[in-house]
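Comments concern the structure below.
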Amino acid sequence: MRMLIVGGYGTFGGRTVDLLDGEPGLTLIVAGRSRRKAEAFCAGRGRARAKLEAAHFDRDGDLGAQIAALKPDLVLDASGPFQAYGEDAYRLVEAAIAARIHYLDLADGGAFVAGVSAYDARAKAAGIYVLSGVSSFPVLTTAVVRRLSATWSRVDTISGGIAPSPFAGVGENVIRAIASYAGQSIAPHFGAPFTEQRRYTIAPPGRLPLRSTLFSLVDVPDLRVLATLWPQAKRVWMGAGPVPEILHRALIALAWLVRLRIVRSLTPLAPLMHWATNHLRWGEHRGGMFVEISGIGAEGGATTRSWHLLAEGRDGPLIPSMAVQAIVQKHLDGASPAAGARACTDEVELADYENLFSTRTIYTGIRAALPAGAPLYQHVLGDAWEKLPAPVRGMHSNVSAAVGVARVERGRHPLAWIAAKMMSFPPSRAETPAEVRFSKRGNAELWSRQFGKHPFSSLQYQGTGKSARLLIERFGALEFAMALVLEDDVVRLVLRRWRLFGVALPLWLAPRSNAYETTAENGAFRFFVEITHPLCGLIVRYDGWLRPKR
């Protein structure tokens, strides 16, 4: 199959080539206004199994003549911005239908994607498929909502968001699109992009979550598509959570200038916005996505479910093009989409994505509402709870007391002594009897420890707000917010935030911790906690094993 990629050497076109150049049955025609750039792009991909051809293609030129010369079987529009295509927005769609070649695009504009259905009869008559919005929004989101609501009787609300890595690299056309609609009213019931916010923590169960992220409403096809597919839903909301947050908040302020009609549009600022996005960046090189629904579940009660995706490093930016990859692979396997023109919502299932994710550092998971009496750690871990080693799961399953043996080593630096005193850590002991009592304090658990004759305690509870999806452990005035990360048969407690007297402190100033729970050699629950600080070295290290007290 010959596949013409318009904008093939651009940000999204290039990533699509990354995903497809291993297919020996493909000829990928990398095209754009600069043949020189297309040739340079192709020349740098020596390991491609697909055949690569460079070509000049101007979507404002004679499309029929250009398509006839290149003879593609399928055309992908990966250029954009689709919001700026103007009155003759569907010229490439019309040219593809006239030439009887299949058409895909990566459109992120809701109005553009909705308008493609006007060509349905013509596409069917030509015997081709014309699919618009073949990207995370709305292909992945609709697949996720189908999975989450499969057994439900009603979906009341749908929300979601994408949080790209600050190092993902954002194309100029994406920024131009954002600048064109930020602050502009989409429709009376959809709101104005970047003037509505919500905070959310993306946390696939058992994985290190993203930091709490501020999301702003964006104009994506999902707002219309999901409202049509699930008409009972009272609210559909989709957002983006760009970081660093200070740049995001600057964009929010600018969007309000548009909404208040102080300025007409942010389009003139697009070049500056593009420069800032790609040069003023810091933070973790990881991104994510979430979809959350509420409604009436299988048992008839109101409930909530959420799907979480985490992508490490360079894999996240590939996700928007994976729907194209899935459709092209199906086409090559003889299972091409049905003829007609429409938004791409039913052609790719979540299972198709999961097959593609499995070859990369992309992780997903589902969280469901739990009864109030469920164990604290189950609330934090979600469905990863069932993967815990039996002794660990048993220790956190409403056990009232446990006994065993512990060893303690204290640091000798004066600052270490002060820090240990603040948290009432026991003195050094080679080996000593240990007992821990667990008691409920509302939604929290009080852990009362007795190592030998020395008592010390802490309060554990589930975090909220910026500490959502984290376990909080409080020692007096100090609070530590930790992620529960499952690595094979070990549960690690990874410090993500900390506070003193309720005041958040920078993480670089925090003590370093190495803490985990697993199975001991004797089959009991094993614990290990080591706390250090660059200024004083070891503060305390204690470990041992416990069994529930009968």
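Naming scheme: A, B, ... for chains in displayed order of the structure tokens; residues 1 onward per chain; ligands 1 onward as shown.
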query = So which residues touch Lys124 of chain A within 7 Å, counting only C-alpha atoms, skipping near sequence neighbours fewer than 3 positions away, as a count of residues only?
reply = 6
Can you check which parts of segment 133-186 of chain A lie within 12 Å of segment 365-378 of chain A? Per residue, the shortest pair of atoms and distance in Å to one decimal, counting only C-alpha atoms, sorted by chain and number, as CSV.
residue,atom,partner,partner_atom,distance
A:Val144,CA,A:Ile366,CA,9.9
A:Val145,CA,A:Ile366,CA,11.4
A:Arg147,CA,A:Ile366,CA,10.0
A:Leu148,CA,A:Ile366,CA,8.3
A:Ser149,CA,A:Ala368,CA,11.5
Written file, previous selection with C-alpha atoms, as a CSV table (one decimal), in the first residue's frame:
chain,number,residue,atom,x,y,z
A,144,VAL,CA,-11.9,3.9,27.0
A,145,VAL,CA,-15.4,5.1,27.8
A,147,ARG,CA,-14.6,-0.2,28.3
A,148,LEU,CA,-15.4,1.7,31.5
A,149,SER,CA,-19.1,1.8,30.9
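Between Ala253 of chain A and the candidates A:Glu196, A:Val405, A:Ser165, A:Gly301, the tightest atom-to-atom separation, counting only C-alpha atoms, involves A:Glu196.
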task = Would you mind listing what lies within 9 Å of Thr361 of chain A as number ranges by chain, with only C-alpha atoms counted and same-chain residues fewer than 2 positions away left out?
result = A: 310-316, 357-359, 363
Give me a file of those residues, with C-alpha atoms, as an mmCIF file, in the first residue's frame.
data_model
loop_
_atom_site.group_PDB
_atom_site.id
_atom_site.type_symbol
_atom_site.label_atom_id
_atom_site.label_comp_id
_atom_site.auth_asym_id
_atom_site.auth_seq_id
_atom_site.Cartn_x
_atom_site.Cartn_y
_atom_site.Cartn_z
ATOM 1 C CA LEU A 310 1.400 6.805 32.127
ATOM 2 C CA ALA A 311 4.050 7.125 29.410
ATOM 3 C CA GLU A 312 7.737 7.321 30.226
ATOM 4 C CA GLY A 313 10.332 9.300 28.262
ATOM 5 C CA ARG A 314 9.936 9.503 24.491
ATOM 6 C CA ASP A 315 7.042 7.063 24.159
ATOM 7 C CA GLY A 316 4.263 9.450 25.187
ATOM 8 C CA PHE A 357 1.397 -0.046 24.447
ATOM 9 C CA SER A 358 2.836 -3.421 25.484
ATOM 10 C CA THR A 359 5.916 -2.889 23.299
ATOM 11 C CA TYR A 363 1.256 1.667 31.394
#
Which residues of segment 299-340 of chain A come within 10 Å of segment 70-90 of chain A, and for each one, what is the closest pair of atoms and their distance in Å to one decimal, counting only C-alpha atoms, sorted by chain and residue number, as JSON lines?
{"residue": "A:Ser321", "atom": "CA", "partner": "A:Ala78", "partner_atom": "CA", "distance": 9.4}
{"residue": "A:Val324", "atom": "CA", "partner": "A:Leu76", "partner_atom": "CA", "distance": 8.6}
{"residue": "A:Val328", "atom": "CA", "partner": "A:Leu74", "partner_atom": "CA", "distance": 9.2}
task = Enumerate the residues of segment 112-143 of chain A with a DSSP assignment of strand (DSSP E or B), computed from the backbone, and present them as a list in words.
result =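 Written out, the strand (DSSP E or B) residues of segment 112-143 of chain A are Tyr129, Val130, Leu131 and Ser132 of chain A.
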key: Residues within 6 Å of Arg410 of chain A, only C-alpha atoms, excluding chain neighbours under 3 positions, as a ChimeraX atom specification   = /A:428,539-540
request  = Excluding Ser467 of chain A and any residue of its chain fewer than 3 positions from it, enumerate the residues within 9 Å of it, using only C-alpha atoms, and give them as a PyMOL selection string.
outcome  = chain A and resi 201+211-212+462-464+470-472+481-482+496-497
Dump as a PDB file, in the first residue's frame, selection limited to N, CA, C and O atoms:
ATOM      1  N   THR A 201      -4.825  13.943  39.467  1.00  0.00           N
ATOM      2  CA  THR A 201      -3.593  13.163  39.565  1.00  0.00           C
ATOM      3  C   THR A 201      -3.740  11.896  38.747  1.00  0.00           C
ATOM      4  O   THR A 201      -4.607  11.063  39.030  1.00  0.00           O
ATOM      5  N   ARG A 211       2.773  13.966  38.953  1.00  0.00           N
ATOM      6  CA  ARG A 211       2.469  14.956  39.981  1.00  0.00           C
ATOM      7  C   ARG A 211       1.090  15.557  39.703  1.00  0.00           C
ATOM      8  O   ARG A 211       0.632  15.576  38.558  1.00  0.00           O
ATOM      9  N   SER A 212       0.428  16.011  40.743  1.00  0.00           N
ATOM     10  CA  SER A 212      -0.885  16.631  40.597  1.00  0.00           C
ATOM     11  C   SER A 212      -0.819  17.694  39.507  1.00  0.00           C
ATOM     12  O   SER A 212       0.053  18.567  39.520  1.00  0.00           O
ATOM     13  N   GLN A 462      -5.286   8.607  53.431  1.00  0.00           N
ATOM     14  CA  GLN A 462      -5.238   8.851  51.997  1.00  0.00           C
ATOM     15  C   GLN A 462      -5.180  10.348  51.717  1.00  0.00           C
ATOM     16  O   GLN A 462      -5.913  11.138  52.313  1.00  0.00           O
ATOM     17  N   GLY A 463      -4.291  10.738  50.793  1.00  0.00           N
ATOM     18  CA  GLY A 463      -4.138  12.145  50.473  1.00  0.00           C
ATOM     19  C   GLY A 463      -5.264  12.682  49.614  1.00  0.00           C
ATOM     20  O   GLY A 463      -5.980  11.938  48.944  1.00  0.00           O
ATOM     21  N   THR A 464      -5.416  13.993  49.628  1.00  0.00           N
ATOM     22  CA  THR A 464      -6.399  14.690  48.796  1.00  0.00           C
ATOM     23  C   THR A 464      -5.712  15.881  48.135  1.00  0.00           C
ATOM     24  O   THR A 464      -4.565  16.219  48.450  1.00  0.00           O
ATOM     25  N   LEU A 470      -2.028   9.441  46.886  1.00  0.00           N
ATOM     26  CA  LEU A 470      -0.825   9.177  47.683  1.00  0.00           C
ATOM     27  C   LEU A 470      -1.226   8.759  49.093  1.00  0.00           C
ATOM     28  O   LEU A 470      -2.323   9.072  49.569  1.00  0.00           O
ATOM     29  N   LEU A 471      -0.313   8.064  49.762  1.00  0.00           N
ATOM     30  CA  LEU A 471      -0.475   7.700  51.169  1.00  0.00           C
ATOM     31  C   LEU A 471       0.247   8.742  52.015  1.00  0.00           C
ATOM     32  O   LEU A 471       1.432   9.008  51.795  1.00  0.00           O
ATOM     33  N   ILE A 472      -0.460   9.327  52.967  1.00  0.00           N
ATOM     34  CA  ILE A 472       0.145  10.313  53.865  1.00  0.00           C
ATOM     35  C   ILE A 472       0.512   9.619  55.177  1.00  0.00           C
ATOM     36  O   ILE A 472      -0.302   8.896  55.759  1.00  0.00           O
ATOM     37  N   ALA A 481       3.998  12.532  51.991  1.00  0.00           N
ATOM     38  CA  ALA A 481       3.063  11.973  51.008  1.00  0.00           C
ATOM     39  C   ALA A 481       3.846  11.033  50.102  1.00  0.00           C
ATOM     40  O   ALA A 481       4.797  11.445  49.432  1.00  0.00           O
ATOM     41  N   MET A 482       3.439   9.760  50.094  1.00  0.00           N
ATOM     42  CA  MET A 482       4.213   8.733  49.402  1.00  0.00           C
ATOM     43  C   MET A 482       3.347   7.979  48.395  1.00  0.00           C
ATOM     44  O   MET A 482       2.172   7.698  48.649  1.00  0.00           O
ATOM     45  N   ARG A 496       6.860  11.770  47.535  1.00  0.00           N
ATOM     46  CA  ARG A 496       6.500  12.708  46.463  1.00  0.00           C
ATOM     47  C   ARG A 496       6.296  14.134  46.967  1.00  0.00           C
ATOM     48  O   ARG A 496       6.516  15.083  46.232  1.00  0.00           O
ATOM     49  N   ARG A 497       5.855  14.295  48.225  1.00  0.00           N
ATOM     50  CA  ARG A 497       5.641  15.632  48.780  1.00  0.00           C
ATOM     51  C   ARG A 497       5.863  15.537  50.288  1.00  0.00           C
ATOM     52  O   ARG A 497       5.765  14.464  50.877  1.00  0.00           O
TER      53      ARG A 497
END
Skipping near chain neighbours, those fewer than 5 positions away, what residues fall within 9 Å of Ser424 of chain A using only C-alpha atoms, listed as a tab-separated table (two decimals) with N, CA, C and O atoms, in the first residue's frame?
chain	number	residue	atom	x	y	z
A	419	ALA	N	16.63	15.17	64.18
A	419	ALA	CA	15.56	14.71	63.30
A	419	ALA	C	14.90	13.45	63.85
A	419	ALA	O	13.67	13.32	63.84
A	454	HIS	N	10.64	0.92	73.59
A	454	HIS	CA	10.48	2.27	73.03
A	454	HIS	C	9.24	2.35	72.13
A	454	HIS	O	9.16	1.68	71.12
A	455	PRO	N	8.27	3.20	72.50
A	455	PRO	CA	7.09	3.38	71.65
A	455	PRO	C	7.28	4.56	70.67
A	455	PRO	O	7.94	5.55	70.98
A	456	PHE	N	6.74	4.43	69.50
A	456	PHE	CA	6.62	5.58	68.58
A	456	PHE	C	5.46	5.29	67.64
A	456	PHE	O	5.10	4.13	67.42
A	457	SER	N	4.84	6.33	67.14
A	457	SER	CA	3.62	6.13	66.36
A	457	SER	C	3.56	7.10	65.18
A	457	SER	O	4.30	8.10	65.11
A	475	PHE	N	4.16	12.18	61.25
A	475	PHE	CA	4.89	12.05	62.50
A	475	PHE	C	4.86	13.42	63.17
A	475	PHE	O	5.66	14.30	62.82
inquiry  = Show me, as a list in words, the residues that have an atom within 10 Å of Pro427 of chain A when counting only C-alpha atoms, minus same-chain residues fewer than 6 positions from it.
reply    = Arg407, Val408, Glu409, Arg410, Gly411, Trp417, Ala420, Lys421, Phe451, Gly452, His454 and Val540 of chain A
inquiry  = One number please: atom CA of Phe41 of chain A to atom CA of Leu26 of chain A, in Å, one decimal.
reply    = 17.0 Å
request  = Go through A:Gly44, A:Gly169, A:Pro511, A:Gly160 and flag the residue nearest Ser216 of chain A, using only C-alpha atoms for the distances.
outcome  =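 Closest residue, counting only C-alpha atoms: A:Gly160.
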ask   = For His331 of chain A, which of A:Arg45, A:Arg526, A:Arg2, A:Arg541 is the closest residue, counting only C-alpha atoms?
value =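 Of A:Arg45, A:Arg526, A:Arg2, A:Arg541, the one nearest His331 of chain A, counting only C-alpha atoms, is A:Arg2.
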